[in-house]
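Structure file start_29.txt with compact mmCIF, C-alpha atoms and all ligand atoms:
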```
# COMPACT_ATOMS: atom_id res chain seq x y z
CA VAL E 1 -13.33 12.65 107.53
CA ALA E 2 -16.61 13.51 109.22
CA ASN E 3 -17.28 12.32 112.76
CA VAL E 4 -20.21 9.99 113.36
CA HIS E 5 -21.64 10.34 116.88
CA ASN E 6 -23.51 7.20 117.87
CA LEU E 7 -26.55 7.85 120.03
CA ALA E 8 -26.93 6.16 123.40
CA ARG E 9 -30.12 4.60 121.97
CA PRO E 10 -31.93 5.03 118.63
CA ILE E 11 -34.90 7.33 118.06
CA VAL E 12 -37.41 6.96 115.22
CA SER E 13 -37.29 9.83 112.71
CA THR E 14 -41.07 10.38 112.83
CA GLU E 15 -40.90 10.67 116.64
CA LEU E 16 -38.14 13.28 116.38
CA ALA E 17 -40.11 15.23 113.74
CA ALA E 18 -43.18 15.22 116.01
CA ALA E 19 -41.14 16.42 118.99
CA LEU E 20 -39.84 19.30 116.87
CA MET E 21 -43.34 19.97 115.49
CA LEU E 22 -42.07 19.57 111.92
CA SER E 23 -43.42 17.50 109.05
CA HIS E 24 -41.76 14.26 107.99
CA LEU E 25 -41.32 12.84 104.49
CA GLY E 26 -40.33 9.31 103.52
CA PRO E 27 -40.10 6.13 105.62
CA ALA E 28 -39.90 6.18 109.44
CA LEU E 29 -36.24 5.33 110.08
CA ASP E 30 -34.28 4.56 113.21
CA ILE E 31 -31.78 7.34 113.85
CA VAL E 32 -28.68 5.76 115.37
CA ALA E 33 -26.18 8.60 114.99
CA VAL E 34 -25.74 12.31 114.23
CA THR E 35 -23.14 13.70 111.83
CA SER E 36 -22.32 16.69 109.66
CA SER E 37 -23.58 16.54 106.07
CA ASP E 38 -20.24 15.11 104.89
CA GLY E 39 -20.83 12.06 107.09
CA ALA E 40 -24.41 11.40 105.97
CA GLY E 41 -25.29 7.72 105.73
CA ALA E 42 -27.81 5.08 106.72
CA GLY E 43 -29.38 5.75 110.10
CA ARG E 44 -27.56 9.06 110.49
CA LEU E 45 -29.21 12.40 111.13
CA SER E 46 -27.63 15.39 109.42
CA PHE E 47 -28.75 18.73 108.05
CA GLY E 48 -28.45 20.74 104.86
CA ALA E 49 -29.12 19.84 101.26
CA PRO E 50 -29.44 16.05 100.87
CA HIS E 51 -26.88 14.47 98.59
CA SER E 52 -27.55 11.00 97.23
CA ALA E 53 -23.89 9.86 97.15
CA ASN E 54 -24.30 8.60 100.71
CA GLY E 55 -26.85 5.94 99.74
CA GLU E 56 -30.22 5.15 101.29
CA GLY E 57 -31.54 5.39 104.80
CA CYS E 58 -30.24 8.89 105.65
CA ILE E 59 -32.32 11.26 107.74
CA TRP E 60 -32.02 14.94 106.74
CA ILE E 61 -33.27 18.09 108.36
CA THR E 62 -33.73 20.00 105.16
CA GLY E 63 -35.73 22.66 103.31
CA ALA E 64 -39.17 22.14 101.76
CA GLU E 65 -37.72 22.63 98.26
CA THR E 66 -35.58 19.49 98.47
CA ARG E 67 -36.75 15.88 98.41
CA PRO E 68 -34.93 13.01 100.12
CA ALA E 69 -33.57 10.26 97.89
CA GLU E 70 -35.55 7.01 97.66
CA GLY E 71 -35.33 5.18 101.00
CA SER E 72 -34.20 8.27 102.94
CA ALA E 73 -36.28 10.49 105.21
CA ALA E 74 -36.59 14.25 105.55
CA ILE E 75 -37.68 16.41 108.45
CA VAL E 76 -38.85 19.56 106.70
CA SER E 77 -37.62 22.87 108.07
CA SER E 78 -37.59 26.52 107.11
CA ARG E 79 -34.72 27.14 109.56
CA ILE E 80 -32.46 24.16 108.93
CA ARG E 81 -29.58 24.91 111.32
CA LEU E 82 -31.93 26.07 114.07
CA ASP E 83 -34.02 22.91 113.78
CA PHE E 84 -30.91 20.72 113.80
CA ILE E 85 -29.84 22.47 117.02
CA ARG E 86 -33.34 21.91 118.43
CA ALA E 87 -33.00 18.23 117.49
CA LEU E 88 -29.71 18.04 119.41
CA HIS E 89 -31.37 19.60 122.47
CA HIS E 90 -34.20 17.09 122.20
CA LEU E 91 -31.77 14.17 121.94
CA ARG E 92 -29.93 15.43 125.01
CA ALA E 93 -33.07 15.99 127.07
CA SER E 94 -34.58 12.62 126.15
CA GLY E 95 -31.61 10.40 126.99
CA HIS E 96 -30.33 9.70 123.46
CA TRP E 97 -27.20 11.84 123.71
CA PRO E 98 -24.00 10.09 122.55
CA ILE E 99 -21.95 8.52 125.32
CA SER E 100 -18.45 9.98 125.38
CA GLU E 101 -15.32 7.88 125.22
CA PRO E 102 -13.28 7.45 128.41
CA GLY E 103 -10.05 9.47 128.50
CA SER E 104 -6.58 8.65 129.74
CA ILE E 105 -3.77 10.65 131.27
CA SER E 106 -0.19 9.51 130.80
CA ALA E 107 1.72 8.88 134.03
CA ASN E 108 4.51 10.94 132.44
CA ALA E 109 2.39 14.07 131.92
CA ARG E 110 3.11 17.01 134.24
CA ILE E 111 -0.10 18.73 135.27
CA HIS E 112 0.11 21.76 137.56
CA PRO E 113 -1.92 21.22 140.77
CA THR E 114 -4.12 24.24 139.98
CA ALA E 115 -4.97 23.03 136.46
CA VAL E 116 -8.36 21.37 135.93
CA VAL E 117 -8.55 18.32 133.70
CA HIS E 118 -12.08 17.06 133.08
CA GLU E 119 -12.86 13.37 132.96
CA GLY E 120 -12.75 12.17 129.36
CA ALA E 121 -9.69 14.18 128.32
CA SER E 122 -6.70 12.29 126.93
CA ILE E 123 -3.24 13.60 127.69
CA GLY E 124 -0.18 11.96 126.16
CA ALA E 125 3.29 11.34 127.54
CA PHE E 126 5.48 14.28 128.56
CA CYS E 127 2.74 16.89 128.16
CA GLU E 128 3.00 19.89 130.49
CA ILE E 129 -0.14 21.71 131.60
CA GLY E 130 0.40 25.09 133.29
CA PRO E 131 -1.27 26.73 136.32
CA GLY E 132 -4.99 27.42 136.10
CA THR E 133 -5.37 25.90 132.66
CA VAL E 134 -8.62 24.02 132.01
CA VAL E 135 -8.69 20.94 129.78
CA HIS E 136 -12.29 19.99 129.02
CA ALA E 137 -13.50 16.44 128.42
CA ALA E 138 -13.47 16.43 124.61
CA VAL E 139 -9.74 17.09 124.30
CA THR E 140 -7.01 14.82 122.99
CA LEU E 141 -3.42 15.96 123.47
CA GLY E 142 -0.67 13.99 121.74
CA GLU E 143 2.80 13.67 123.25
CA ARG E 144 5.02 16.52 124.46
CA VAL E 145 2.27 19.15 124.15
CA ILE E 146 3.13 22.18 126.32
CA VAL E 147 0.34 24.46 127.49
CA GLY E 148 0.92 27.68 129.48
CA ALA E 149 -1.13 29.22 132.29
CA GLY E 150 -4.79 30.20 132.25
CA THR E 151 -5.59 28.63 128.90
CA VAL E 152 -8.95 26.96 128.20
CA LEU E 153 -9.00 23.99 125.86
CA GLY E 154 -11.99 22.19 124.40
CA HIS E 155 -15.03 24.10 125.71
CA ASP E 156 -18.14 24.43 123.54
CA GLY E 157 -17.61 27.19 120.99
CA PHE E 158 -19.75 30.25 120.35
CA GLY E 159 -22.43 28.65 118.16
CA TYR E 160 -25.97 30.04 118.23
CA GLU E 161 -29.09 30.41 116.12
CA ARG E 162 -31.84 32.86 116.92
CA GLN E 163 -35.16 31.22 117.82
CA ALA E 164 -38.68 32.37 116.96
CA ASP E 165 -38.65 34.66 120.03
CA ASP E 166 -35.28 36.05 118.85
CA THR E 167 -33.27 34.62 121.74
CA PRO E 168 -30.11 32.72 120.73
CA LEU E 169 -30.14 28.92 121.11
CA HIS E 170 -26.79 27.26 121.74
CA PHE E 171 -25.43 24.56 119.40
CA PRO E 172 -24.48 21.69 121.76
CA HIS E 173 -21.04 20.58 120.61
CA LEU E 174 -20.01 16.96 119.99
CA GLY E 175 -16.66 17.38 118.22
CA ARG E 176 -13.27 17.14 119.88
CA LEU E 177 -10.24 19.35 120.12
CA ILE E 178 -7.29 17.32 118.85
CA ILE E 179 -3.80 18.66 119.42
CA GLU E 180 -1.02 16.63 117.83
CA ASP E 181 2.48 15.91 119.15
CA ASP E 182 5.01 18.64 119.97
CA VAL E 183 2.57 21.57 119.87
CA ALA E 184 3.19 24.49 122.26
CA ILE E 185 0.36 26.78 123.38
CA GLY E 186 0.91 29.95 125.43
CA ASN E 187 -0.92 31.69 128.26
CA LEU E 188 -4.53 32.86 128.28
CA CYS E 189 -5.54 31.18 125.04
CA SER E 190 -9.00 29.84 124.25
CA ILE E 191 -9.40 26.95 121.81
CA SER E 192 -12.87 25.46 121.30
CA ARG E 193 -13.86 21.90 120.49
CA GLY E 194 -15.60 21.30 117.15
CA THR E 195 -19.37 21.39 116.69
CA LEU E 196 -19.76 17.95 115.04
CA ASP E 197 -16.35 17.51 113.44
CA ASP E 198 -13.14 18.36 115.27
CA THR E 199 -10.94 21.37 115.86
CA ARG E 200 -7.38 20.24 115.07
CA ILE E 201 -3.88 21.59 115.61
CA GLY E 202 -1.02 19.88 113.79
CA HIS E 203 2.44 18.72 114.86
CA HIS E 204 5.01 21.32 115.87
CA THR E 205 2.65 24.27 115.60
CA ARG E 206 3.45 27.04 118.09
CA ILE E 207 0.75 29.29 119.51
CA ASP E 208 1.70 32.44 121.46
CA ASP E 209 -0.31 34.11 124.26
CA GLN E 210 -3.93 35.35 124.13
CA VAL E 211 -4.83 33.51 120.95
CA TYR E 212 -8.47 32.68 120.16
CA VAL E 213 -9.23 29.63 118.01
CA ALA E 214 -12.90 28.99 117.28
CA HIS E 215 -14.68 25.69 116.64
CA ASN E 216 -13.79 23.56 113.61
CA VAL E 217 -10.58 25.44 112.85
CA THR E 218 -7.79 23.31 111.38
CA ILE E 219 -4.22 24.48 111.83
CA ASP E 220 -1.79 22.15 110.04
CA GLU E 221 1.83 21.39 111.01
CA ASN E 222 4.57 23.79 111.82
CA VAL E 223 2.53 27.00 111.90
CA LEU E 224 3.59 30.05 113.96
CA VAL E 225 0.65 31.87 115.51
CA MET E 226 1.71 35.13 117.19
CA SER E 227 -0.01 36.70 120.18
CA GLY E 228 -3.55 37.98 119.97
CA VAL E 229 -4.42 36.18 116.74
CA ARG E 230 -8.12 35.37 116.36
CA LEU E 231 -9.27 32.61 114.04
CA ASN E 232 -13.00 32.40 113.42
CA GLY E 233 -14.89 29.14 112.87
CA ARG E 234 -13.81 26.68 110.16
CA VAL E 235 -10.67 28.59 109.23
CA HIS E 236 -7.98 26.36 107.72
CA VAL E 237 -4.34 27.36 108.12
CA ALA E 238 -2.02 25.20 106.01
CA SER E 239 1.45 24.10 107.08
CA GLY E 240 4.32 26.53 107.45
CA CYS E 241 2.21 29.69 107.74
CA TRP E 242 3.09 32.68 109.90
CA LEU E 243 0.20 34.64 111.41
CA GLY E 244 1.45 38.02 112.70
CA THR E 245 0.51 39.61 116.01
CA GLY E 246 -3.20 40.35 116.29
CA ALA E 247 -4.15 39.05 112.85
CA LEU E 248 -7.82 38.25 112.38
CA VAL E 249 -9.15 35.66 109.92
CA ARG E 250 -12.75 35.52 108.81
CA GLU E 251 -14.76 32.33 109.31
CA GLY E 252 -14.27 29.66 106.68
CA CYS E 253 -11.22 31.26 105.03
CA ALA E 254 -8.21 29.15 104.05
CA ILE E 255 -4.65 30.40 104.47
CA GLY E 256 -2.48 28.56 101.93
CA GLN E 257 0.76 26.76 102.69
CA GLY E 258 3.61 28.97 103.78
CA ALA E 259 1.60 32.20 103.59
CA THR E 260 2.21 35.15 105.92
CA VAL E 261 -0.61 37.22 107.37
CA GLY E 262 0.80 40.54 108.64
CA MET E 263 0.31 41.85 112.15
CA GLY E 264 -3.06 43.45 112.77
CA SER E 265 -4.42 42.27 109.43
CA VAL E 266 -8.04 41.46 108.81
CA ALA E 267 -8.05 38.58 106.32
CA VAL E 268 -11.55 38.52 104.84
CA ARG E 269 -10.73 36.24 101.87
CA SER E 270 -8.71 33.09 101.52
CA VAL E 271 -4.99 33.58 100.95
CA GLU E 272 -3.02 31.67 98.29
CA ALA E 273 0.01 29.58 99.25
CA GLY E 274 3.22 31.51 99.67
CA ARG E 275 1.63 34.97 99.63
CA VAL E 276 2.30 37.78 102.11
CA VAL E 277 -0.87 39.72 102.92
CA ALA E 278 -1.41 42.66 105.27
CA GLY E 279 -3.81 45.45 106.19
CA ASN E 280 -7.52 45.84 106.74
CA PRO E 281 -8.90 44.35 104.57
CA ALA E 282 -5.77 42.29 103.91
CA ARG E 283 -4.16 42.89 100.50
CA THR E 284 -1.38 40.95 98.84
CA LEU E 285 2.04 42.57 99.36
CA ARG E 286 3.85 39.89 97.34
C1 LIG E 301 3.46 41.52 106.64
C2 LIG E 301 4.96 41.68 106.90
C3 LIG E 301 5.64 40.31 106.97
C4 LIG E 301 5.51 42.47 105.72
O1 LIG E 301 6.87 42.76 105.93
P1 LIG E 301 7.76 43.37 104.73
O2 LIG E 301 7.69 42.49 103.58
O3 LIG E 301 9.09 43.69 105.33
O4 LIG E 301 6.96 44.65 104.32
P2 LIG E 301 7.39 46.18 104.38
O5 LIG E 301 7.71 46.56 105.78
O6 LIG E 301 8.43 46.39 103.31
O7 LIG E 301 6.02 46.88 103.97
C5 LIG E 301 5.48 46.86 102.65
C6 LIG E 301 4.23 47.71 102.65
O8 LIG E 301 3.18 47.04 103.38
C7 LIG E 301 2.78 47.80 104.51
N1 LIG E 301 2.61 46.87 105.62
C8 LIG E 301 3.53 46.01 106.11
N2 LIG E 301 3.03 45.30 107.11
C9 LIG E 301 1.76 45.72 107.27
C10 LIG E 301 0.74 45.37 108.20
N3 LIG E 301 0.91 44.41 109.09
N4 LIG E 301 -0.44 46.00 108.08
C11 LIG E 301 -0.64 46.97 107.14
N5 LIG E 301 0.30 47.33 106.27
C12 LIG E 301 1.49 46.72 106.33
C13 LIG E 301 3.91 48.78 104.75
O9 LIG E 301 3.44 49.92 105.38
C14 LIG E 301 4.41 49.03 103.37
O10 LIG E 301 3.55 49.94 102.73
P3 LIG E 301 4.15 51.16 101.85
O11 LIG E 301 4.88 50.48 100.74
O12 LIG E 301 2.92 51.91 101.43
O13 LIG E 301 5.04 51.91 102.77
C15 LIG E 301 5.24 42.40 108.23
O14 LIG E 301 5.00 43.78 108.16
C16 LIG E 301 4.44 41.87 109.40
O15 LIG E 301 3.29 42.23 109.66
N6 LIG E 301 5.09 40.95 110.15
C17 LIG E 301 4.53 40.36 111.31
C18 LIG E 301 5.24 40.93 112.51
C19 LIG E 301 4.88 40.22 113.76
O16 LIG E 301 3.78 39.74 113.95
N7 LIG E 301 5.85 40.11 114.63
C20 LIG E 301 5.64 39.38 115.83
C21 LIG E 301 6.78 39.58 116.76
S1 LIG E 301 8.07 38.42 116.42
```

What is this file in structure tokens?
Amino acid sequence: VANVHNLARPIVSTELAAALMLSHLGPALDIVAVTSSDGAGAGRLSFGAPHSANGEGCIWITGAETRPAEGSAAIVSSRIRLDFIRALHHLRASGHWPISEPGSISANARIHPTAVVHEGASIGAFCEIGPGTVVHAAVTLGERVIVGAGTVLGHDGFGYERQADDTPLHFPHLGRLIIEDDVAIGNLCSISRGTLDDTRIGHHTRIDDQVYVAHNVTIDENVLVMSGVRLNGRVHVASGCWLGTGALVREGCAIGQGATVGMGSVAVRSVEAGRVVAGNPARTLR
């Protein structure tokens, strides 16, 4: 389910188009929220190819070749993701940025005195947060989540688009990092929040030391992630998988239920359920 981020106050679509110096098609609509394209709907700004299933009143940052559905608006762009990022920067600079939810920390959580927990984070009962670990605001930990030392949870991920002058512009993140009950995470790991939707780690998953998990990754339940694994953006690891030491998974790939990715492998394609793959590029062993 896509996240819908309600703005602190609405902005009119024609005003946003003018601020971005882009042309506007269709009616001037109040933008009340931002969302990924899956969450498109009335009053919501998203980007990509418009799809009509979401009804009228959507606002799309989209290419010149596409036309918004009747009753929807388009901000026309030749660099869709870049212009969506520019829109987010404009919303932030002009006081429209979504207001974040307040967090809560269970009285039964054990947080090491050198750990840093930012306001807005939610930490459930019997969690343990190790020395020097940083829990950013957009993090939700379920119950009994154990995190080692020096790990960083829920920072903005590495999302950029090059601008006209070739310098990279950062994608300001709005998604959360959600870690479900009974997950254990080791030392020196780095797990980003999602861009618009969330990064999510399922019940009973175990993550070893020095693991990198990028934005919008979903790891389902009961997965074993060995040390040094690196999961690029939007990877999906289904339940029961085993990712061997130092395995690397390309952005957007899906690792099917119960699959094994061998140590040091470079998985550049999705892996079917139950398979064992290894090598660079990873090939099916069985
Ligand atoms: C992928 C894996 C599960 C396969 O184990 P296996 O089924 O016993 O496979 P085998 O050892 O019989 O190897 C089969 C072939 O694949 C190759 N192979 C196995 N693992 C490989 C890997 N990670 N990368 C590249 N090739 C690999 C072997 O060299 C062998 O090739 P060959 O037939 O040409 O000699 C295992 O090698 C692995 O990587 N496990 C993860 C280990 C780990 O992360 N441990 C963490 C500490 S607990």

Contacts of ligand LIG 301 (chain E), 9 Å or closer, all atoms listed in the file, given as a ChimeraX atom specification: /E:225-227,242-247,260-266,276-280,282-286

For a cutoff of 10 Å around the file-coordinate point (-22.8, 7.9, 107.2), which residues qualify once you count only C-alpha atoms? I'd like the result as an MDAnalysis selection string. chainID E and resid 2:4 33:46 54:58

Could you list, as a PyMOL selection string, every residue within 7 Å of Val32 in chain E, counting all atoms listed in the file and ignoring same-chain residues fewer than 2 positions away? chain E and resi 6-7+9-11+30+43-44

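Distances from E:Ile179, E:Cys253, E:Leu188, E:Ile111 to His236 in chain E were compared using only C-alpha atoms, and the smallest one belongs to E:Cys253.
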
Per residue of range 182-231 of chain E within 6 Å of range 144-161 of chain E, record the nearest atom pair and its distance in Å to one decimal, counting all atoms listed in the file, with rows in chain order and ascending residue number, as a tab-separated table.
```
residue	atom	partner	partner_atom	distance
E:Asp182	CA	E:Arg144	CA	5.0
E:Val183	CA	E:Val145	CA	4.9
E:Ala184	CA	E:Ile146	CA	4.7
E:Ile185	CA	E:Val147	CA	4.7
E:Gly186	CA	E:Gly148	CA	4.6
E:Asn187	CA	E:Gly148	CA	4.6
E:Leu188	CA	E:Thr151	CA	4.4
E:Cys189	CA	E:Thr151	CA	4.6
E:Ser190	CA	E:Val152	CA	4.9
E:Ile191	CA	E:Leu153	CA	5.0
E:Ser192	CA	E:Gly154	CA	4.6
E:Arg193	CA	E:Gly154	CA	4.3
E:His215	CA	E:Gly157	CA	5.5
```

Identify the residues around (-11.1, 39.4, 105.4) within a radius of 8 Å, measuring from all atoms listed in the file in the coordinates stated by the file, and give them as a PyMOL selection string. chain E and resi 248-250+266-270+280-282

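Our summary of the geometry notes that CA of Ala69 in chain E is positioned 24.3 Å from CA of Asp197 in chain E.
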
Residues of range 120-152 of chain E at most 10 Å from range 198-205 of chain E: nearest atom pair and distance in Å, all atoms listed in the file, as a tab-separated table:
```
residue	atom	partner	partner_atom	distance
E:Ala138	CA	E:Asp198	CA	9.5
E:Val139	CA	E:Thr199	CA	9.5
E:Thr140	CA	E:Arg200	CA	9.6
E:Leu141	CA	E:Ile201	CA	9.7
E:Gly142	CA	E:His203	CA	8.9
E:Glu143	CA	E:His203	CA	9.8
E:Arg144	CA	E:His204	CA	9.8
E:Val145	CA	E:His204	CA	9.0
```

Pick from E:Ser72, E:Thr195, E:Ser77, E:Ser94, whichever lies nearest to Phe47 in chain E using all atoms listed in the file: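 Distance minimum relative to Phe47 in chain E lands on E:Ser77.
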
Can you pull out every residue within 10 Å of Met21 in chain E, counting all atoms listed in the file, but drop anything in the same chain fewer than 3 positions away, and send it as a list in words?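 Answer for this query is Glu15, Leu16, Ala17, Ala18, His24, Ile75, Val76, Ser77 and Asp83 of chain E.
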
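If you measure from each of E:Gly233, E:Pro68, E:Gly48, E:Gly103 to Gly26 in chain E using all atoms listed in the file, the closest one turns out to be E:Pro68.
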
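For the pair CA of Arg110 in chain E and CA of Ala137 in chain E, the separation is 17.6 Å.
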
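The smallest atom-to-atom distance between Gln257 in chain E and any of E:Asn232, E:Asn222, E:Thr62, E:Thr14, using all atoms listed in the file, is found for E:Asn222.
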
Please report the interatomic distance between CA of Glu65 in chain E and CA of Val12 in chain E in Å with one decimal. 23.1 Å

Residue among E:Arg275, E:Ala8, E:Leu231, E:Cys241 lying closest to His96 in chain E, counting only C-alpha atoms: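 Among the listed residues, the smallest separation from His96 in chain E belongs to E:Ala8.
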
With distances taken over all atoms listed in the file, which residue among E:Thr133, E:Ser106, E:Ser23, E:Asn216 lies nearest His118 in chain E?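 Ranking E:Thr133, E:Ser106, E:Ser23, E:Asn216 by distance to His118 in chain E, first place goes to E:Thr133.
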
Give me range 88-104 of chain E from this structure - N, CA and C atoms, as a PDB file, in the first residue's frame.
```pdb
ATOM      1  N   LEU E  88       9.567  18.582  -4.502  1.00  0.00           N
ATOM      2  CA  LEU E  88       9.695  18.305  -3.063  1.00  0.00           C
ATOM      3  C   LEU E  88      10.524  19.393  -2.378  1.00  0.00           C
ATOM      4  N   HIS E  89      11.617  19.813  -3.024  1.00  0.00           N
ATOM      5  CA  HIS E  89      12.437  20.893  -2.444  1.00  0.00           C
ATOM      6  C   HIS E  89      11.624  22.176  -2.324  1.00  0.00           C
ATOM      7  N   HIS E  90      10.810  22.452  -3.348  1.00  0.00           N
ATOM      8  CA  HIS E  90       9.987  23.666  -3.285  1.00  0.00           C
ATOM      9  C   HIS E  90       8.983  23.570  -2.135  1.00  0.00           C
ATOM     10  N   LEU E  91       8.353  22.416  -1.997  1.00  0.00           N
ATOM     11  CA  LEU E  91       7.359  22.248  -0.917  1.00  0.00           C
ATOM     12  C   LEU E  91       8.026  22.429   0.444  1.00  0.00           C
ATOM     13  N   ARG E  92       9.258  21.935   0.560  1.00  0.00           N
ATOM     14  CA  ARG E  92       9.956  22.057   1.847  1.00  0.00           C
ATOM     15  C   ARG E  92      10.331  23.508   2.127  1.00  0.00           C
ATOM     16  N   ALA E  93      10.833  24.183   1.086  1.00  0.00           N
ATOM     17  CA  ALA E  93      11.300  25.565   1.283  1.00  0.00           C
ATOM     18  C   ALA E  93      10.151  26.541   1.506  1.00  0.00           C
ATOM     19  N   SER E  94       8.946  26.178   1.035  1.00  0.00           N
ATOM     20  CA  SER E  94       7.838  27.129   1.087  1.00  0.00           C
ATOM     21  C   SER E  94       6.810  26.781   2.171  1.00  0.00           C
ATOM     22  N   GLY E  95       7.199  25.914   3.096  1.00  0.00           N
ATOM     23  CA  GLY E  95       6.354  25.677   4.274  1.00  0.00           C
ATOM     24  C   GLY E  95       5.188  24.741   4.056  1.00  0.00           C
ATOM     25  N   HIS E  96       5.228  23.909   3.001  1.00  0.00           N
ATOM     26  CA  HIS E  96       4.147  22.956   2.759  1.00  0.00           C
ATOM     27  C   HIS E  96       4.496  21.546   3.230  1.00  0.00           C
ATOM     28  N   TRP E  97       5.730  21.357   3.619  1.00  0.00           N
ATOM     29  CA  TRP E  97       6.266  20.018   3.903  1.00  0.00           C
ATOM     30  C   TRP E  97       5.403  19.270   4.916  1.00  0.00           C
ATOM     31  N   PRO E  98       5.131  17.983   4.680  1.00  0.00           N
ATOM     32  CA  PRO E  98       4.293  17.221   5.608  1.00  0.00           C
ATOM     33  C   PRO E  98       4.813  17.271   7.048  1.00  0.00           C
ATOM     34  N   ILE E  99       3.892  17.354   7.974  1.00  0.00           N
ATOM     35  CA  ILE E  99       4.247  17.373   9.396  1.00  0.00           C
ATOM     36  C   ILE E  99       4.370  15.924   9.863  1.00  0.00           C
ATOM     37  N   SER E 100       5.491  15.600  10.505  1.00  0.00           N
ATOM     38  CA  SER E 100       5.687  14.194  10.876  1.00  0.00           C
ATOM     39  C   SER E 100       4.926  13.854  12.155  1.00  0.00           C
ATOM     40  N   GLU E 101       4.605  12.571  12.241  1.00  0.00           N
ATOM     41  CA  GLU E 101       3.863  12.060  13.396  1.00  0.00           C
ATOM     42  C   GLU E 101       4.773  12.077  14.629  1.00  0.00           C
ATOM     43  N   PRO E 102       4.199  12.292  15.817  1.00  0.00           N
ATOM     44  CA  PRO E 102       5.021  12.173  17.024  1.00  0.00           C
ATOM     45  C   PRO E 102       5.384  10.710  17.279  1.00  0.00           C
ATOM     46  N   GLY E 103       6.534  10.469  17.855  1.00  0.00           N
ATOM     47  CA  GLY E 103       6.957   9.100  18.150  1.00  0.00           C
ATOM     48  C   GLY E 103       6.631   8.724  19.579  1.00  0.00           C
ATOM     49  N   SER E 104       7.082   7.522  19.963  1.00  0.00           N
ATOM     50  CA  SER E 104       6.923   7.109  21.362  1.00  0.00           C
ATOM     51  C   SER E 104       7.971   6.058  21.677  1.00  0.00           C
TER      52      SER E 104
END
```
